[in-house]
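Asks: Coordinates in my_file35.csv, CSV, C-alpha atoms, are listed below.
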```
chain,number,residue,atom,x,y,z
A,228,MET,CA,-66.1,-68.8,82.5
A,229,LEU,CA,-65.4,-65.1,82.2
A,230,SER,CA,-66.2,-63.2,79.0
A,231,PRO,CA,-63.3,-61.7,77.1
A,232,SER,CA,-64.4,-58.3,78.4
A,233,LEU,CA,-64.5,-59.4,82.0
A,234,GLU,CA,-61.2,-61.1,81.6
A,235,ASP,CA,-59.7,-57.7,80.4
A,236,TYR,CA,-61.2,-56.0,83.5
A,237,LEU,CA,-59.8,-58.5,85.9
A,238,GLU,CA,-56.4,-58.5,84.2
A,239,GLU,CA,-56.2,-54.7,84.5
A,240,ILE,CA,-57.4,-54.7,88.1
A,241,TYR,CA,-54.7,-57.3,89.0
A,242,ARG,CA,-52.0,-55.3,87.1
A,243,PHE,CA,-53.0,-52.1,88.8
A,244,SER,CA,-53.1,-53.8,92.3
A,245,VAL,CA,-49.5,-54.9,91.9
A,246,SER,CA,-48.2,-51.3,91.8
A,247,HIS,CA,-50.9,-49.5,93.8
A,248,ASP,CA,-52.3,-49.9,97.3
A,249,ILE,CA,-55.8,-48.9,96.4
A,250,VAL,CA,-57.6,-49.7,93.1
A,251,ARG,CA,-60.6,-47.5,92.4
A,252,VAL,CA,-63.3,-47.9,89.7
A,253,THR,CA,-62.1,-44.6,88.3
A,254,ASP,CA,-58.5,-46.0,87.8
A,255,ILE,CA,-59.8,-48.9,85.8
A,256,SER,CA,-62.1,-46.6,83.8
A,257,GLN,CA,-59.1,-44.4,82.9
A,258,LYS,CA,-56.7,-47.3,82.2
A,259,LEU,CA,-59.1,-49.1,79.9
A,260,ASN,CA,-60.6,-45.9,78.5
A,261,VAL,CA,-64.1,-47.2,79.3
A,262,LYS,CA,-67.0,-45.0,80.7
A,263,LEU,CA,-67.7,-45.3,84.4
A,264,PRO,CA,-71.2,-46.8,84.1
A,265,SER,CA,-69.8,-49.7,82.0
A,266,VAL,CA,-67.0,-50.3,84.5
A,267,THR,CA,-69.5,-50.3,87.4
A,268,LYS,CA,-71.7,-52.8,85.6
A,269,ALA,CA,-68.7,-55.1,84.9
A,270,MET,CA,-67.6,-54.8,88.6
A,271,GLY,CA,-71.0,-56.0,89.6
A,272,LYS,CA,-70.5,-59.1,87.5
A,273,LEU,CA,-67.0,-59.7,88.8
A,274,ARG,CA,-68.3,-59.4,92.4
A,275,ALA,CA,-71.1,-61.8,91.7
A,276,GLY,CA,-68.5,-64.2,90.4
A,277,GLY,CA,-66.5,-63.9,93.6
A,278,TYR,CA,-63.5,-62.3,92.0
A,279,ILE,CA,-63.6,-58.9,93.7
A,280,THR,CA,-65.0,-57.1,96.6
A,281,TYR,CA,-66.5,-53.8,95.8
A,282,GLN,CA,-66.7,-51.2,98.6
A,283,LYS,CA,-67.8,-47.7,99.2
A,284,TYR,CA,-66.2,-44.9,97.2
A,285,GLY,CA,-65.5,-47.3,94.3
A,286,VAL,CA,-62.7,-49.1,96.0
A,287,ILE,CA,-62.0,-52.5,94.5
A,288,GLY,CA,-60.4,-55.4,96.4
A,289,LEU,CA,-59.3,-58.7,94.9
A,290,THR,CA,-60.5,-62.0,96.6
A,291,ASP,CA,-58.1,-65.0,96.6
A,292,LYS,CA,-59.9,-66.3,93.6
A,293,GLY,CA,-59.7,-62.9,91.8
A,294,ARG,CA,-56.0,-62.6,92.6
A,295,GLN,CA,-55.3,-66.1,91.4
A,296,THR,CA,-57.3,-65.7,88.1
A,297,GLY,CA,-55.9,-62.1,87.6
A,298,GLY,CA,-52.4,-63.3,88.0
A,299,TYR,CA,-53.0,-66.1,85.5
A,300,LEU,CA,-54.5,-63.7,83.0
A,301,VAL,CA,-51.5,-61.3,83.3
A,302,GLU,CA,-49.1,-64.3,82.9
A,303,ARG,CA,-51.0,-65.5,79.9
A,304,ASN,CA,-50.7,-62.1,78.2
A,305,THR,CA,-47.0,-61.9,78.9
A,306,LEU,CA,-46.5,-65.5,77.6
A,307,LEU,CA,-48.3,-64.8,74.4
A,308,GLN,CA,-46.3,-61.6,73.8
A,309,GLU,CA,-43.2,-63.7,74.4
A,310,PHE,CA,-44.4,-66.4,72.0
A,311,LEU,CA,-45.1,-63.8,69.2
A,312,ARG,CA,-41.6,-62.4,69.7
A,313,THR,CA,-40.1,-65.9,69.6
A,314,ILE,CA,-41.7,-66.7,66.2
A,315,CYS,CA,-40.5,-63.2,65.0
A,316,ALA,CA,-44.1,-62.0,64.3
A,317,ASP,CA,-44.1,-58.6,62.6
A,318,CYS,CA,-47.2,-57.6,64.3
A,319,ASP,CA,-48.1,-55.1,67.1
A,320,VAL,CA,-47.2,-57.7,69.7
A,321,ALA,CA,-49.2,-56.2,72.6
A,322,ALA,CA,-52.4,-55.7,70.5
A,323,GLU,CA,-52.1,-59.2,69.0
A,324,ALA,CA,-51.6,-60.9,72.4
A,325,GLU,CA,-54.6,-59.0,73.6
A,326,ALA,CA,-56.7,-60.1,70.7
A,327,MET,CA,-55.8,-63.8,70.8
A,328,GLU,CA,-55.5,-64.4,74.5
A,329,HIS,CA,-59.2,-65.0,75.2
A,330,TYR,CA,-59.6,-67.7,72.6
A,331,LEU,CA,-57.0,-70.3,73.5
A,332,SER,CA,-57.6,-73.2,75.7
A,333,LYS,CA,-55.5,-73.7,78.8
A,334,SER,CA,-53.8,-76.8,77.3
A,335,THR,CA,-52.8,-74.8,74.2
A,336,ILE,CA,-51.4,-72.1,76.5
A,337,VAL,CA,-49.3,-74.8,78.2
A,338,SER,CA,-48.1,-76.1,74.8
A,339,ILE,CA,-47.1,-72.6,73.7
A,340,GLN,CA,-45.3,-72.0,77.0
A,341,ARG,CA,-43.4,-75.3,76.6
A,342,PHE,CA,-42.4,-74.2,73.1
A,343,THR,CA,-41.0,-70.8,74.2
A,344,VAL,CA,-39.1,-72.4,77.1
A,345,PHE,CA,-37.7,-75.0,74.7
A,346,MET,CA,-36.4,-72.2,72.5
A,347,LYS,CA,-34.9,-70.4,75.5
A,348,GLU,CA,-33.2,-73.6,76.7
A,349,HIS,CA,-31.8,-74.4,73.2
A,350,PRO,CA,-30.2,-71.1,72.0
A,351,ALA,CA,-28.3,-72.8,69.1
A,352,ILE,CA,-31.6,-74.2,67.7
A,353,TYR,CA,-33.3,-70.9,68.2
A,354,GLN,CA,-30.5,-69.1,66.4
A,355,ARG,CA,-31.0,-71.5,63.4
A,356,PHE,CA,-34.7,-70.6,63.4
A,357,VAL,CA,-34.0,-66.9,63.6
A,358,ASP,CA,-31.5,-67.2,60.7
A,359,TYR,CA,-34.1,-69.1,58.7
A,360,VAL,CA,-36.7,-66.3,59.3
A,361,GLN,CA,-34.2,-63.6,58.3
A,362,GLU,CA,-33.3,-65.5,55.1
A,363,ASN,CA,-37.0,-66.2,54.4
A,364,LYS,CA,-37.9,-62.5,54.8
A,365,ARG,CA,-34.9,-61.5,52.6
A,366,ILE,CA,-36.0,-63.8,49.8
A,367,ASN,CA,-39.6,-62.6,50.0
A,368,LYS,CA,-38.5,-59.0,49.8
A,369,GLU,CA,-36.5,-59.7,46.6
A,370,ARG,CA,-39.5,-61.3,44.9
B,1457,MET,CA,-63.4,-56.9,57.3
B,1458,LEU,CA,-65.7,-59.9,57.8
B,1459,SER,CA,-67.0,-60.7,61.2
B,1460,PRO,CA,-66.0,-64.1,62.7
B,1461,SER,CA,-69.4,-65.4,62.0
B,1462,LEU,CA,-69.3,-64.3,58.3
B,1463,GLU,CA,-65.8,-65.7,58.0
B,1464,ASP,CA,-67.2,-69.1,59.2
B,1465,TYR,CA,-70.0,-69.0,56.6
B,1466,LEU,CA,-67.7,-68.1,53.8
B,1467,GLU,CA,-65.2,-70.8,54.8
B,1468,GLU,CA,-67.9,-73.4,54.8
B,1469,ILE,CA,-69.3,-72.3,51.5
B,1470,TYR,CA,-65.9,-72.5,50.0
B,1471,ARG,CA,-65.3,-75.9,51.5
B,1472,PHE,CA,-68.6,-77.2,50.2
B,1473,SER,CA,-68.1,-75.7,46.7
B,1474,VAL,CA,-64.9,-77.7,46.3
B,1475,SER,CA,-66.7,-81.0,46.6
B,1476,HIS,CA,-70.2,-80.1,45.2
B,1477,ASP,CA,-71.3,-78.5,42.0
B,1478,ILE,CA,-74.1,-76.6,43.6
B,1479,VAL,CA,-74.2,-75.0,47.0
B,1480,ARG,CA,-77.6,-74.3,48.5
B,1481,VAL,CA,-78.5,-72.2,51.6
B,1482,THR,CA,-80.0,-75.4,53.1
B,1483,ASP,CA,-76.6,-77.2,52.7
B,1484,ILE,CA,-74.9,-74.4,54.7
B,1485,SER,CA,-77.7,-74.4,57.3
B,1486,GLN,CA,-77.2,-78.1,57.8
B,1487,LYS,CA,-73.4,-78.0,57.8
B,1488,LEU,CA,-73.1,-75.2,60.4
B,1489,ASN,CA,-76.3,-76.3,62.3
B,1490,VAL,CA,-77.7,-72.8,62.0
B,1491,LYS,CA,-81.4,-72.0,61.3
B,1492,LEU,CA,-82.3,-71.0,57.8
B,1493,PRO,CA,-83.4,-67.4,58.5
B,1494,SER,CA,-80.0,-66.7,60.1
B,1495,VAL,CA,-78.2,-68.2,57.1
B,1496,THR,CA,-80.3,-66.2,54.7
B,1497,LYS,CA,-79.5,-63.0,56.6
B,1498,ALA,CA,-75.7,-63.8,56.6
B,1499,MET,CA,-75.9,-64.5,52.8
B,1500,GLY,CA,-77.4,-61.1,52.3
B,1501,LYS,CA,-74.3,-59.6,54.0
B,1502,LEU,CA,-71.9,-61.7,52.0
B,1503,ARG,CA,-73.6,-60.7,48.8
B,1504,ALA,CA,-73.5,-57.1,49.8
B,1505,GLY,CA,-69.8,-57.5,50.4
B,1506,GLY,CA,-69.3,-58.9,46.9
B,1507,TYR,CA,-68.3,-62.4,48.1
B,1508,ILE,CA,-71.2,-64.4,46.7
B,1509,THR,CA,-74.0,-64.3,44.3
B,1510,TYR,CA,-77.3,-65.5,45.6
B,1511,GLN,CA,-79.8,-66.8,43.1
B,1512,LYS,CA,-83.3,-68.3,43.0
B,1513,TYR,CA,-84.0,-71.5,44.9
B,1514,GLY,CA,-81.2,-70.6,47.5
B,1515,VAL,CA,-78.4,-71.4,45.2
B,1516,ILE,CA,-75.1,-69.7,46.3
B,1517,GLY,CA,-72.3,-68.9,43.9
B,1518,LEU,CA,-68.8,-67.6,44.8
B,1519,THR,CA,-67.5,-64.5,43.1
B,1520,ASP,CA,-63.7,-64.3,42.4
B,1521,LYS,CA,-63.3,-62.3,45.6
B,1522,GLY,CA,-65.3,-64.8,47.5
B,1523,ARG,CA,-63.3,-67.7,46.1
B,1524,GLN,CA,-60.1,-66.0,47.0
B,1525,THR,CA,-61.1,-65.1,50.5
B,1526,GLY,CA,-62.8,-68.5,51.1
B,1527,GLY,CA,-59.7,-70.3,50.0
B,1528,TYR,CA,-57.5,-68.2,52.3
B,1529,LEU,CA,-59.9,-68.9,55.3
B,1530,VAL,CA,-59.7,-72.7,54.7
B,1531,GLU,CA,-55.9,-72.6,54.3
B,1532,ARG,CA,-55.7,-70.5,57.5
B,1533,ASN,CA,-57.7,-73.1,59.4
B,1534,THR,CA,-55.6,-75.9,58.1
B,1535,LEU,CA,-52.4,-74.1,59.0
B,1536,LEU,CA,-53.6,-73.4,62.5
B,1537,GLN,CA,-54.5,-77.1,63.0
B,1538,GLU,CA,-51.1,-78.0,61.7
B,1539,PHE,CA,-49.4,-75.5,64.1
B,1540,LEU,CA,-51.3,-76.9,67.1
B,1541,ARG,CA,-50.2,-80.4,66.1
B,1542,THR,CA,-46.6,-79.2,65.6
B,1543,ILE,CA,-46.4,-77.8,69.2
B,1544,CYS,CA,-48.0,-81.0,70.4
B,1545,ALA,CA,-51.1,-79.3,71.9
B,1546,ASP,CA,-53.3,-81.6,73.8
B,1547,CYS,CA,-56.5,-79.8,72.7
B,1548,ASP,CA,-59.3,-80.6,70.4
B,1549,VAL,CA,-57.3,-79.3,67.4
B,1550,ALA,CA,-60.2,-78.6,65.1
B,1551,ALA,CA,-62.2,-76.7,67.8
B,1552,GLU,CA,-59.2,-74.7,68.9
B,1553,ALA,CA,-58.2,-73.7,65.4
B,1554,GLU,CA,-61.8,-72.6,64.8
B,1555,ALA,CA,-61.7,-70.6,68.0
B,1556,MET,CA,-58.5,-68.8,67.4
B,1557,GLU,CA,-58.5,-68.3,63.6
B,1558,HIS,CA,-60.5,-65.1,63.6
B,1559,TYR,CA,-58.3,-63.2,66.0
B,1560,LEU,CA,-54.8,-63.4,64.4
B,1561,SER,CA,-53.4,-60.8,62.1
B,1562,LYS,CA,-52.2,-61.8,58.7
B,1563,SER,CA,-48.6,-61.2,59.7
B,1564,THR,CA,-48.9,-63.5,62.6
B,1565,ILE,CA,-50.4,-66.2,60.4
B,1566,VAL,CA,-47.4,-65.8,58.1
B,1567,SER,CA,-45.0,-66.2,61.1
B,1568,ILE,CA,-46.8,-69.3,62.3
B,1569,GLN,CA,-46.7,-70.7,58.9
B,1570,ARG,CA,-42.9,-70.0,58.6
B,1571,PHE,CA,-42.5,-71.8,62.0
B,1572,THR,CA,-44.3,-74.9,60.9
B,1573,VAL,CA,-42.4,-75.0,57.6
B,1574,PHE,CA,-39.1,-74.6,59.5
B,1575,MET,CA,-40.0,-77.6,61.7
B,1576,LYS,CA,-40.9,-79.7,58.6
B,1577,GLU,CA,-37.7,-78.8,56.9
B,1578,HIS,CA,-35.6,-79.5,60.0
B,1579,PRO,CA,-36.8,-83.0,61.1
B,1580,ALA,CA,-33.8,-83.5,63.5
B,1581,ILE,CA,-34.6,-80.2,65.3
B,1582,TYR,CA,-38.3,-81.1,65.4
B,1583,GLN,CA,-37.4,-84.5,66.9
B,1584,ARG,CA,-35.5,-82.8,69.7
B,1585,PHE,CA,-38.5,-80.6,70.4
B,1586,VAL,CA,-40.9,-83.6,70.4
B,1587,ASP,CA,-38.5,-85.5,72.7
B,1588,TYR,CA,-38.4,-82.5,75.0
B,1589,VAL,CA,-42.2,-82.3,75.1
B,1590,GLN,CA,-42.5,-86.0,75.9
B,1591,GLU,CA,-39.9,-85.7,78.7
B,1592,ASN,CA,-41.7,-82.6,80.0
B,1593,LYS,CA,-45.1,-84.3,80.0
B,1594,ARG,CA,-43.6,-87.4,81.8
B,1595,ILE,CA,-42.0,-85.2,84.5
B,1596,ASN,CA,-45.3,-83.3,85.0
B,1597,LYS,CA,-47.2,-86.6,85.3
B,1598,GLU,CA,-44.9,-87.8,88.0
B,1599,ARG,CA,-45.3,-84.7,90.1
```
Go ahead and express the file in the form of structure tokens.
Replies:
Amino acid sequence: MLSPSLEDYLEEIYRFSVSHDIVRVTDISQKLNVKLPSVTKAMGKLRAGGYITYQKYGVIGLTDKGRQTGGYLVERNTLLQEFLRTICADCDVAAEAEAMEHYLSKSTIVSIQRFTVFMKEHPAIYQRFVDYVQENKRINKER
Amino acid sequence: MLSPSLEDYLEEIYRFSVSHDIVRVTDISQKLNVKLPSVTKAMGKLRAGGYITYQKYGVIGLTDKGRQTGGYLVERNTLLQEFLRTICADCDVAAEAEAMEHYLSKSTIVSIQRFTVFMKEHPAIYQRFVDYVQENKRINKER
């Protein structure tokens, strides 16, 4: 099991690897706004876990395991943002997904995904829910 | 802001105070399965934050602020368990609610609550969702 912090690193490495040919420790350090020695330490742990290769000049490569896990982490984050939008949460969706993503079991992620897909596939039901939320917010404002 | 650990302590103190006239440090230590010195240290922090009074013989009292916050924490936990049941999550509902509760913003808690109330108030819609989940699980099992 990866710690929340290592999950964030792997998620960011995966994200960066999709749009860039080469991922360097300095890229991750900049992206996550974390100091280089901390990133290097985390990379050591990810390499020990078999998620990344770590070469000269700070070049990071993803192993198959790392690519698979990284892809899952990015999907999970996207899904949670979608879920929060679906329930019309008035939060900073990106920050909230980032805060909660590490603490949900896989089976709950599956359930949340099923719920968001259900709402997409049943637009009339979803519309009733959205109307309900709007009405509820309006009433609460008037109180 | 209380740390996740202090939230757990306060939640447990509140819960215990509902069913018992006197709450002692030893009760909380037993309930949460945490060693006495750790509990005592946490009690110091909760007292400093104005949530509890802490008297001779390890007797803990809740201040108004502590009772209000503790009540909210217990409600939040109950709500999250209800939400997980509503989306038919196949997880250990108590453990999962306990894991996620500290990381959700108040506004997301409100949204989740609105969603569970909507489903309660619209049993026909909820039935369609439950049927959808059952069907989905059946299909996945057959794969």
Asks: What lies within 10 Å of range 1482-1493 of chain B using all atoms listed in the file, ignoring chain neighbours under 5 positions off, as number ranges by chain?
Replies: B: 1464-1466, 1468-1469, 1472, 1498-1499, 1513-1516
Asks: Given the point (-61.0, -67.3, 50.9) in the file's coordinates, find the residues that have an atom at most 12 Å from it, counting only C-alpha atoms, and give them as a short mmCIF file (atom, residue, chain, number, x, y, z; two decimals) with C-alpha atoms, in the coordinates of the input.
Replies:
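Saved file out.cif follows:
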```
data_model
loop_
_atom_site.label_atom_id
_atom_site.label_comp_id
_atom_site.auth_asym_id
_atom_site.auth_seq_id
_atom_site.Cartn_x
_atom_site.Cartn_y
_atom_site.Cartn_z
CA LEU B 1458 -65.70 -59.90 57.80
CA LEU B 1462 -69.30 -64.30 58.30
CA GLU B 1463 -65.80 -65.70 58.00
CA ASP B 1464 -67.20 -69.10 59.20
CA TYR B 1465 -70.00 -69.00 56.60
CA LEU B 1466 -67.70 -68.10 53.80
CA GLU B 1467 -65.20 -70.80 54.80
CA GLU B 1468 -67.90 -73.40 54.80
CA ILE B 1469 -69.30 -72.30 51.50
CA TYR B 1470 -65.90 -72.50 50.00
CA ARG B 1471 -65.30 -75.90 51.50
CA SER B 1473 -68.10 -75.70 46.70
CA TYR B 1507 -68.30 -62.40 48.10
CA ILE B 1508 -71.20 -64.40 46.70
CA LEU B 1518 -68.80 -67.60 44.80
CA THR B 1519 -67.50 -64.50 43.10
CA ASP B 1520 -63.70 -64.30 42.40
CA LYS B 1521 -63.30 -62.30 45.60
CA GLY B 1522 -65.30 -64.80 47.50
CA ARG B 1523 -63.30 -67.70 46.10
CA GLN B 1524 -60.10 -66.00 47.00
CA THR B 1525 -61.10 -65.10 50.50
CA GLY B 1526 -62.80 -68.50 51.10
CA GLY B 1527 -59.70 -70.30 50.00
CA TYR B 1528 -57.50 -68.20 52.30
CA LEU B 1529 -59.90 -68.90 55.30
CA VAL B 1530 -59.70 -72.70 54.70
CA GLU B 1531 -55.90 -72.60 54.30
CA ARG B 1532 -55.70 -70.50 57.50
CA ASN B 1533 -57.70 -73.10 59.40
#
```
Asks: Enumerate, in order of chain and increasing residue number, the residues of chain A with an atom no farther than 9 Å from chain B, each with its shortest atom pair and distance in Å to one decimal, counting all atoms listed in the file, as JSON lines.
Replies:
```
{"residue": "A:Leu311", "atom": "CA", "partner": "B:Thr1564", "partner_atom": "CA", "distance": 7.6}
{"residue": "A:Ile314", "atom": "CA", "partner": "B:Ser1567", "partner_atom": "CA", "distance": 6.1}
{"residue": "A:Cys315", "atom": "CA", "partner": "B:Ser1567", "partner_atom": "CA", "distance": 6.7}
{"residue": "A:Ala316", "atom": "CA", "partner": "B:Thr1564", "partner_atom": "CA", "distance": 5.3}
{"residue": "A:Asp317", "atom": "CA", "partner": "B:Ser1563", "partner_atom": "CA", "distance": 6.0}
{"residue": "A:Cys318", "atom": "CA", "partner": "B:Ser1563", "partner_atom": "CA", "distance": 6.0}
{"residue": "A:Glu323", "atom": "CA", "partner": "B:Leu1560", "partner_atom": "CA", "distance": 6.8}
{"residue": "A:Ala324", "atom": "CA", "partner": "B:Leu1560", "partner_atom": "CA", "distance": 9.0}
{"residue": "A:Ala326", "atom": "CA", "partner": "B:Tyr1559", "partner_atom": "CA", "distance": 5.9}
{"residue": "A:Met327", "atom": "CA", "partner": "B:Tyr1559", "partner_atom": "CA", "distance": 5.4}
{"residue": "A:Glu328", "atom": "CA", "partner": "B:Met1556", "partner_atom": "CA", "distance": 8.9}
{"residue": "A:His329", "atom": "CA", "partner": "B:Met1556", "partner_atom": "CA", "distance": 8.7}
{"residue": "A:Tyr330", "atom": "CA", "partner": "B:Met1556", "partner_atom": "CA", "distance": 5.4}
{"residue": "A:Leu331", "atom": "CA", "partner": "B:Met1556", "partner_atom": "CA", "distance": 6.5}
{"residue": "A:Ser332", "atom": "CA", "partner": "B:Glu1552", "partner_atom": "CA", "distance": 7.1}
{"residue": "A:Lys333", "atom": "CA", "partner": "B:Cys1547", "partner_atom": "CA", "distance": 8.7}
{"residue": "A:Ser334", "atom": "CA", "partner": "B:Asp1546", "partner_atom": "CA", "distance": 6.0}
{"residue": "A:Thr335", "atom": "CA", "partner": "B:Ala1545", "partner_atom": "CA", "distance": 5.3}
{"residue": "A:Ile336", "atom": "CA", "partner": "B:Ala1545", "partner_atom": "CA", "distance": 8.5}
{"residue": "A:Val337", "atom": "CA", "partner": "B:Ala1545", "partner_atom": "CA", "distance": 7.9}
{"residue": "A:Ser338", "atom": "CA", "partner": "B:Ala1545", "partner_atom": "CA", "distance": 5.3}
{"residue": "A:Ile339", "atom": "CA", "partner": "B:Ile1543", "partner_atom": "CA", "distance": 6.9}
{"residue": "A:Arg341", "atom": "CA", "partner": "B:Val1589", "partner_atom": "CA", "distance": 7.3}
{"residue": "A:Phe342", "atom": "CA", "partner": "B:Ile1543", "partner_atom": "CA", "distance": 6.6}
{"residue": "A:Phe345", "atom": "CA", "partner": "B:Phe1585", "partner_atom": "CA", "distance": 7.1}
{"residue": "A:Met346", "atom": "CA", "partner": "B:Phe1585", "partner_atom": "CA", "distance": 8.9}
{"residue": "A:Ile352", "atom": "CA", "partner": "B:Ile1581", "partner_atom": "CA", "distance": 7.1}
{"residue": "A:Phe356", "atom": "CA", "partner": "B:Phe1574", "partner_atom": "CA", "distance": 7.1}
{"residue": "A:Tyr359", "atom": "CA", "partner": "B:Phe1574", "partner_atom": "CA", "distance": 7.5}
{"residue": "A:Val360", "atom": "CA", "partner": "B:Arg1570", "partner_atom": "CA", "distance": 7.3}
{"residue": "A:Asn363", "atom": "CA", "partner": "B:Arg1570", "partner_atom": "CA", "distance": 8.2}
```
Asks: Determine the axis-aligned bounding box of all atoms of range 1535-1550 of chain B present in the file, pad each side by 4 Å, and express its centre and edge lengths in Å to one decimal place as lines of an AutoDock Vina configuration file.
Replies:
```
center_x = -53.3
center_y = -77.5
center_z = 66.4
size_x = 21.8
size_y = 16.2
size_z = 22.8
```
Asks: Using CA of Ile249 in chain A and CA of Lys268 in chain A as the two end points, give the distance in Å to one decimal.
Replies: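 Here the two named atoms are 19.6 Å from each other.
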Asks: Any idea what the distance is between CA of Leu1535 in chain B and CA of Lys1576 in chain B?
Replies: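 We find that CA of Leu1535 in chain B and CA of Lys1576 in chain B lie 12.8 Å from each other.
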Asks: From the options A:Gln361, A:Thr343, A:Thr267, A:Ser246, which residue's atoms come nearest to Leu307 in chain A, counting only C-alpha atoms?
Replies: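 Checking each of A:Gln361, A:Thr343, A:Thr267, A:Ser246 against Leu307 in chain A, counting only C-alpha atoms, the winner is A:Thr343.
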Asks: Check the smallest atom-to-atom distance from each of A:Lys283, A:Lys272, A:Arg365, A:Arg370 to Met228 in chain A using all atoms listed in the file, then report the winner.
Replies: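 Smallest separation from Met228 in chain A among the options: A:Lys272.
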Asks: Can you measure CA of Gln1583 in chain B to CA of Thr305 in chain A for me? One decimal in Å is fine.
Replies: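 Computed distance, CA of Gln1583 in chain B to CA of Thr305 in chain A, equals 27.3 Å.
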Asks: What would the file be for range 1530-1536 of chain B if you keep all heavy atoms and write it as an mmCIF file, in the first residue's frame?
Replies:
```
data_model
loop_
_atom_site.group_PDB
_atom_site.id
_atom_site.type_symbol
_atom_site.label_atom_id
_atom_site.label_comp_id
_atom_site.auth_asym_id
_atom_site.auth_seq_id
_atom_site.Cartn_x
_atom_site.Cartn_y
_atom_site.Cartn_z
ATOM 1 N N VAL B 1530 -20.467 13.070 15.476
ATOM 2 C CA VAL B 1530 -21.238 11.821 15.516
ATOM 3 C C VAL B 1530 -22.257 11.799 14.380
ATOM 4 O O VAL B 1530 -22.408 10.794 13.677
ATOM 5 C CB VAL B 1530 -21.935 11.649 16.893
ATOM 6 C CG1 VAL B 1530 -22.932 10.497 16.869
ATOM 7 C CG2 VAL B 1530 -20.889 11.409 17.982
ATOM 8 N N GLU B 1531 -22.930 12.916 14.169
ATOM 9 C CA GLU B 1531 -23.898 13.020 13.061
ATOM 10 C C GLU B 1531 -23.219 12.796 11.716
ATOM 11 O O GLU B 1531 -23.755 12.133 10.836
ATOM 12 C CB GLU B 1531 -24.498 14.434 13.029
ATOM 13 C CG GLU B 1531 -25.821 14.567 13.724
ATOM 14 C CD GLU B 1531 -26.294 16.010 13.674
ATOM 15 O OE1 GLU B 1531 -26.179 16.651 12.617
ATOM 16 O OE2 GLU B 1531 -26.730 16.508 14.727
ATOM 17 N N ARG B 1532 -22.051 13.386 11.555
ATOM 18 C CA ARG B 1532 -21.311 13.260 10.299
ATOM 19 C C ARG B 1532 -20.984 11.806 10.026
ATOM 20 O O ARG B 1532 -21.136 11.299 8.922
ATOM 21 C CB ARG B 1532 -20.015 14.087 10.385
ATOM 22 C CG ARG B 1532 -19.247 14.166 9.098
ATOM 23 C CD ARG B 1532 -18.013 15.035 9.251
ATOM 24 N NE ARG B 1532 -17.037 14.434 10.146
ATOM 25 C CZ ARG B 1532 -15.844 14.953 10.407
ATOM 26 N NH1 ARG B 1532 -15.478 16.095 9.861
ATOM 27 N NH2 ARG B 1532 -15.002 14.349 11.216
ATOM 28 N N ASN B 1533 -20.557 11.105 11.082
ATOM 29 C CA ASN B 1533 -20.226 9.687 10.941
ATOM 30 C C ASN B 1533 -21.465 8.879 10.543
ATOM 31 O O ASN B 1533 -21.408 8.040 9.646
ATOM 32 C CB ASN B 1533 -19.631 9.177 12.262
ATOM 33 C CG ASN B 1533 -19.211 7.726 12.169
ATOM 34 O OD1 ASN B 1533 -20.038 6.832 12.319
ATOM 35 N ND2 ASN B 1533 -17.941 7.473 11.868
ATOM 36 N N THR B 1534 -22.573 9.153 11.217
ATOM 37 C CA THR B 1534 -23.828 8.455 10.906
ATOM 38 C C THR B 1534 -24.247 8.720 9.468
ATOM 39 O O THR B 1534 -24.644 7.810 8.735
ATOM 40 C CB THR B 1534 -24.948 8.947 11.856
ATOM 41 O OG1 THR B 1534 -24.474 8.826 13.199
ATOM 42 C CG2 THR B 1534 -26.222 8.130 11.693
ATOM 43 N N LEU B 1535 -24.139 9.984 9.056
ATOM 44 C CA LEU B 1535 -24.522 10.368 7.701
ATOM 45 C C LEU B 1535 -23.683 9.637 6.658
ATOM 46 O O LEU B 1535 -24.208 9.133 5.659
ATOM 47 C CB LEU B 1535 -24.360 11.885 7.527
ATOM 48 C CG LEU B 1535 -24.427 12.376 6.075
ATOM 49 C CD1 LEU B 1535 -25.819 12.177 5.500
ATOM 50 C CD2 LEU B 1535 -24.002 13.826 5.971
ATOM 51 N N LEU B 1536 -22.380 9.560 6.905
ATOM 52 C CA LEU B 1536 -21.510 8.909 5.915
ATOM 53 C C LEU B 1536 -21.809 7.411 5.818
ATOM 54 O O LEU B 1536 -21.784 6.832 4.739
ATOM 55 C CB LEU B 1536 -20.037 9.163 6.241
ATOM 56 C CG LEU B 1536 -19.593 10.601 5.958
ATOM 57 C CD1 LEU B 1536 -18.145 10.821 6.384
ATOM 58 C CD2 LEU B 1536 -19.755 10.945 4.479
#
```
